[in-house]
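Asks: See input-v3.cif below, with mmCIF, C-alpha atoms.
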data_my_file
#
loop_
_atom_site.label_atom_id
_atom_site.label_comp_id
_atom_site.auth_asym_id
_atom_site.auth_seq_id
_atom_site.Cartn_x
_atom_site.Cartn_y
_atom_site.Cartn_z
CA MET A 24 19.98 15.15 1.77
CA ASN A 25 18.09 17.87 3.59
CA ILE A 26 14.94 19.06 1.84
CA ARG A 27 13.18 22.16 3.07
CA TYR A 28 9.48 22.31 2.36
CA THR A 29 7.64 25.61 2.43
CA GLY A 30 4.04 26.73 2.44
CA PHE A 31 1.30 24.20 1.75
CA ILE A 32 3.70 21.30 1.13
CA ARG A 33 5.36 21.82 4.51
CA GLU A 34 1.99 21.48 6.21
CA ARG A 35 1.06 18.30 4.26
CA VAL A 36 4.31 16.25 4.42
CA GLN A 37 4.44 13.80 7.30
CA LYS A 38 7.75 13.34 9.06
CA ASN A 39 7.09 9.67 9.94
CA PRO A 40 4.63 8.30 7.37
CA LEU A 41 3.02 4.89 7.69
CA THR A 42 4.82 2.33 5.54
CA ILE A 43 4.44 -1.34 4.68
CA SER A 44 6.78 -4.17 3.71
CA PRO A 45 6.70 -5.75 0.24
CA ASP A 46 6.17 -9.08 2.04
CA ALA A 47 3.00 -7.90 3.81
CA SER A 48 -0.28 -9.44 2.74
CA PHE A 49 -3.10 -7.96 0.70
CA TYR A 50 -5.26 -7.95 3.85
CA GLU A 51 -2.66 -6.01 5.86
CA ALA A 52 -2.37 -3.31 3.20
CA ARG A 53 -6.13 -3.05 2.75
CA SER A 54 -6.66 -2.86 6.50
CA ILE A 55 -4.15 -0.02 6.97
CA ILE A 56 -5.53 1.98 4.05
CA ARG A 57 -9.13 1.60 5.24
CA GLU A 58 -8.54 2.11 8.98
CA LYS A 59 -6.31 5.16 8.56
CA GLY A 60 -8.38 6.68 5.76
CA ILE A 61 -5.32 7.13 3.54
CA HIS A 62 -4.98 6.74 -0.21
CA HIS A 63 -1.25 6.01 -0.56
CA LEU A 64 1.02 3.72 1.45
CA PRO A 65 4.78 3.71 0.74
CA VAL A 66 6.35 0.25 0.39
CA VAL A 67 9.74 0.09 2.11
CA ASP A 68 12.25 -2.78 2.00
CA LYS A 69 14.26 -4.10 4.97
CA SER A 70 17.02 -1.54 4.44
CA GLY A 71 14.54 1.35 4.54
CA HIS A 72 14.49 2.13 0.82
CA VAL A 73 11.23 3.00 -0.89
CA VAL A 74 10.57 0.34 -3.54
CA GLY A 75 7.02 1.29 -4.46
CA ILE A 76 3.65 2.48 -3.28
CA VAL A 77 0.30 0.85 -2.66
CA THR A 78 -2.71 2.97 -3.49
CA ASP A 79 -6.38 2.45 -2.83
CA SER A 80 -6.66 1.89 -6.60
CA ASP A 81 -4.09 -0.91 -6.42
CA ILE A 82 -6.16 -2.54 -3.68
CA ARG A 83 -9.35 -2.31 -5.75
CA GLU A 84 -7.62 -3.72 -8.85
CA ALA A 85 -6.14 -6.65 -6.88
CA ALA A 86 -9.50 -7.49 -5.28
CA PRO A 87 -11.56 -10.12 -7.07
CA SER A 88 -14.48 -9.29 -9.32
CA ASP A 89 -18.00 -9.81 -8.03
CA ALA A 90 -18.46 -12.14 -11.01
CA THR A 91 -15.91 -14.68 -9.78
CA THR A 92 -16.89 -18.34 -9.50
CA LEU A 93 -14.54 -18.98 -6.57
CA SER A 94 -15.99 -19.65 -3.14
CA VAL A 95 -15.46 -17.26 -0.24
CA HIS A 96 -13.00 -19.70 1.29
CA GLU A 97 -10.99 -19.95 -1.92
CA LEU A 98 -10.92 -16.16 -2.28
CA ASN A 99 -9.78 -15.67 1.31
CA TYR A 100 -7.04 -18.26 0.87
CA LEU A 101 -5.74 -16.74 -2.37
CA LEU A 102 -5.87 -13.14 -1.11
CA GLY A 103 -4.09 -14.23 2.08
CA LYS A 104 -1.23 -15.51 -0.09
CA LEU A 105 -1.05 -12.33 -2.20
CA LYS A 106 1.90 -10.15 -1.16
CA VAL A 107 2.12 -6.37 -1.54
CA SER A 108 5.04 -6.83 -3.96
CA GLY A 109 2.61 -8.56 -6.34
CA PHE A 110 0.26 -5.61 -6.83
CA MET A 111 2.06 -2.43 -5.72
CA THR A 112 3.00 0.35 -8.10
CA ARG A 113 6.76 0.02 -8.50
CA ARG A 114 9.23 2.85 -8.20
CA LYS A 115 10.84 3.75 -11.52
CA SER A 116 14.63 3.50 -11.47
#
Would you put the structure from the file into C-alpha coordinates?
Replies:
Amino acid sequence: MNIRYTGFIRERVQKNPLTISPDASFYEARSIIREKGIHHLPVVDKSGHVVGIVTDSDIREAAPSDATTLSVHELNYLLGKLKVSGFMTRRKS
(Lines of atoms letter the chains of each structure in order from A and count residues from 1; the text may use other names and numbers.)
(Lines give C-alpha, C1' and ligand atoms only; values in the text may rest on other atoms or scores of the structure.)
Protein backbone atom coordinates (compact mmCIF):
# COMPACT_ATOMS: atom_id res chain seq x y z
CA MET A 1 0.00 0.00 0.00
CA ASN A 2 1.46 3.32 -1.04
CA ILE A 3 0.04 6.33 0.79
CA ARG A 4 0.83 9.81 -0.43
CA TYR A 5 0.72 12.51 2.20
CA THR A 6 0.37 16.14 1.21
CA GLY A 7 0.72 19.48 2.91
CA PHE A 8 1.07 19.62 6.68
CA ILE A 9 0.72 15.85 7.17
CA ARG A 10 3.58 15.18 4.75
CA GLU A 11 5.85 17.39 6.83
CA ARG A 12 4.84 15.74 10.14
CA VAL A 13 4.90 12.00 9.26
CA GLN A 14 8.18 10.29 10.04
CA LYS A 15 9.44 7.69 7.61
CA ASN A 16 11.20 5.61 10.30
CA PRO A 17 9.44 6.29 13.61
CA LEU A 18 10.77 5.05 16.93
CA THR A 19 8.97 1.88 18.01
CA ILE A 20 9.02 -0.45 20.99
CA SER A 21 8.32 -4.15 21.56
CA PRO A 22 5.36 -5.34 23.63
CA ASP A 23 7.91 -7.23 25.75
CA ALA A 24 9.88 -4.08 26.64
CA SER A 25 9.73 -2.88 30.22
CA PHE A 26 7.91 0.08 31.71
CA TYR A 27 11.29 1.74 32.32
CA GLU A 28 12.37 1.34 28.68
CA ALA A 29 9.16 2.93 27.38
CA ARG A 30 9.29 5.76 29.91
CA SER A 31 12.94 6.42 29.11
CA ILE A 32 12.36 6.66 25.34
CA ILE A 33 9.34 8.93 25.74
CA ARG A 34 11.16 11.26 28.14
CA GLU A 35 14.54 11.35 26.37
CA LYS A 36 13.09 11.90 22.89
CA GLY A 37 10.41 14.32 24.04
CA ILE A 38 7.67 12.38 22.26
CA HIS A 39 4.09 11.72 23.32
CA HIS A 40 3.30 8.54 21.35
CA LEU A 41 5.36 5.40 20.80
CA PRO A 42 4.06 2.70 18.42
CA VAL A 43 4.23 -0.87 19.77
CA VAL A 44 5.35 -3.32 17.10
CA ASP A 45 5.47 -7.12 17.34
CA LYS A 46 8.28 -9.35 16.05
CA SER A 47 6.75 -9.53 12.57
CA GLY A 48 6.61 -5.74 12.29
CA HIS A 49 2.88 -5.30 12.82
CA VAL A 50 1.58 -2.44 14.93
CA VAL A 51 -0.27 -3.95 17.91
CA GLY A 52 -0.78 -0.80 19.94
CA ILE A 53 0.66 2.47 21.12
CA VAL A 54 2.17 3.73 24.35
CA THR A 55 1.40 7.33 25.21
CA ASP A 56 2.76 9.59 27.89
CA SER A 57 -0.70 9.25 29.49
CA ASP A 58 -0.33 5.46 29.57
CA ILE A 59 3.01 5.89 31.35
CA ARG A 60 1.49 8.24 33.94
CA GLU A 61 -1.45 5.89 34.56
CA ALA A 62 0.84 2.86 34.98
CA ALA A 63 3.12 4.71 37.41
CA PRO A 64 2.33 4.26 41.09
CA SER A 65 0.46 6.82 43.14
CA ASP A 66 2.40 9.01 45.55
CA ALA A 67 0.13 7.58 48.25
CA THR A 68 1.45 4.03 47.89
CA THR A 69 2.69 2.16 50.95
CA LEU A 70 5.26 0.16 48.98
CA SER A 71 8.94 0.85 49.48
CA VAL A 72 11.11 2.27 46.71
CA HIS A 73 12.72 -1.13 46.26
CA GLU A 74 9.35 -2.86 45.93
CA LEU A 75 8.16 -0.26 43.42
CA ASN A 76 11.31 -0.58 41.32
CA TYR A 77 11.01 -4.36 41.32
CA LEU A 78 7.34 -4.34 40.29
CA LEU A 79 7.78 -1.67 37.60
CA GLY A 80 10.78 -3.57 36.25
CA LYS A 81 8.51 -6.59 35.74
CA LEU A 82 5.75 -4.57 34.05
CA LYS A 83 5.78 -5.08 30.27
CA VAL A 84 4.54 -2.59 27.67
CA SER A 85 1.84 -5.09 26.65
CA GLY A 86 0.33 -4.67 30.12
CA PHE A 87 -0.40 -0.95 29.88
CA MET A 88 -0.33 0.05 26.20
CA THR A 89 -3.40 1.25 24.33
CA ARG A 90 -4.33 -1.67 22.09
CA ARG A 91 -5.08 -1.42 18.40
CA LYS A 92 -8.73 -2.06 17.60
CA SER A 93 -9.27 -4.93 15.16
Asks: CA of Leu101 in chain A and CA of Ala86 in chain A are how many Å apart?
Replies: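 Rounded to one decimal, the two atoms are 10.4 Å apart.
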Asks: Env of Val66 in chain A: 10 Å cut, atoms = all atoms listed in the file, seq-sep filter 6 positions within chain, self excluded. Answer as a short mmCIF file (atom, residue, chain, number, x, y, z; two decimals) with C-alpha atoms, in the frame of the given file.
Replies:
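File written: part_32.cif
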data_model
loop_
_atom_site.label_atom_id
_atom_site.label_comp_id
_atom_site.auth_asym_id
_atom_site.auth_seq_id
_atom_site.Cartn_x
_atom_site.Cartn_y
_atom_site.Cartn_z
CA LEU A 41 3.02 4.89 7.69
CA THR A 42 4.82 2.33 5.54
CA ILE A 43 4.44 -1.34 4.68
CA SER A 44 6.78 -4.17 3.71
CA PRO A 45 6.70 -5.75 0.24
CA ASP A 46 6.17 -9.08 2.04
CA ALA A 47 3.00 -7.90 3.81
CA ALA A 52 -2.37 -3.31 3.20
CA HIS A 72 14.49 2.13 0.82
CA VAL A 73 11.23 3.00 -0.89
CA VAL A 74 10.57 0.34 -3.54
CA GLY A 75 7.02 1.29 -4.46
CA ILE A 76 3.65 2.48 -3.28
CA VAL A 77 0.30 0.85 -2.66
CA VAL A 107 2.12 -6.37 -1.54
CA SER A 108 5.04 -6.83 -3.96
CA MET A 111 2.06 -2.43 -5.72
CA THR A 112 3.00 0.35 -8.10
CA ARG A 113 6.76 0.02 -8.50
CA ARG A 114 9.23 2.85 -8.20
#
Asks: As a check of understanding, name the residues that the PyMOL selection byres ((chain A and resi 82) around 9) selects in the supplied structure, as a ChimeraX atom specification.
Replies: /A:49,52-53,56,77-81,83-86,110-111
Asks: For Lys106 in chain A, which residue out of A:Ser54, A:Asn39, A:Ser48, A:Ser88 is the nearest one, using all atoms listed in the file?
Replies: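 Using all atoms listed in the file, the shortest distance to Lys106 in chain A belongs to A:Ser48.
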Asks: Take CA of Pro40 in chain A and CA of His63 in chain A and report the distance between them in Å, one decimal.
Replies: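 Taking CA of Pro40 in chain A and CA of His63 in chain A, their separation equals 10.1 Å.
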Asks: Report, in Å to a single decimal, how far apart CA of Gly103 in chain A and CA of Glu51 in chain A are.
Replies: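 Answer for the CA of Glu51 in chain A to CA of Gly103 in chain A separation: 9.2 Å.
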Asks: To box range 92-104 of chain A, take all atoms listed in the file, fit an axis-aligned box, add 5 Å on each side, and give centre and edge lengths in Å to one decimal, as JSON.
Replies:
{"center_x": -9.1, "center_y": -16.5, "center_z": -3.7, "size_x": 25.7, "size_y": 16.8, "size_z": 21.6}
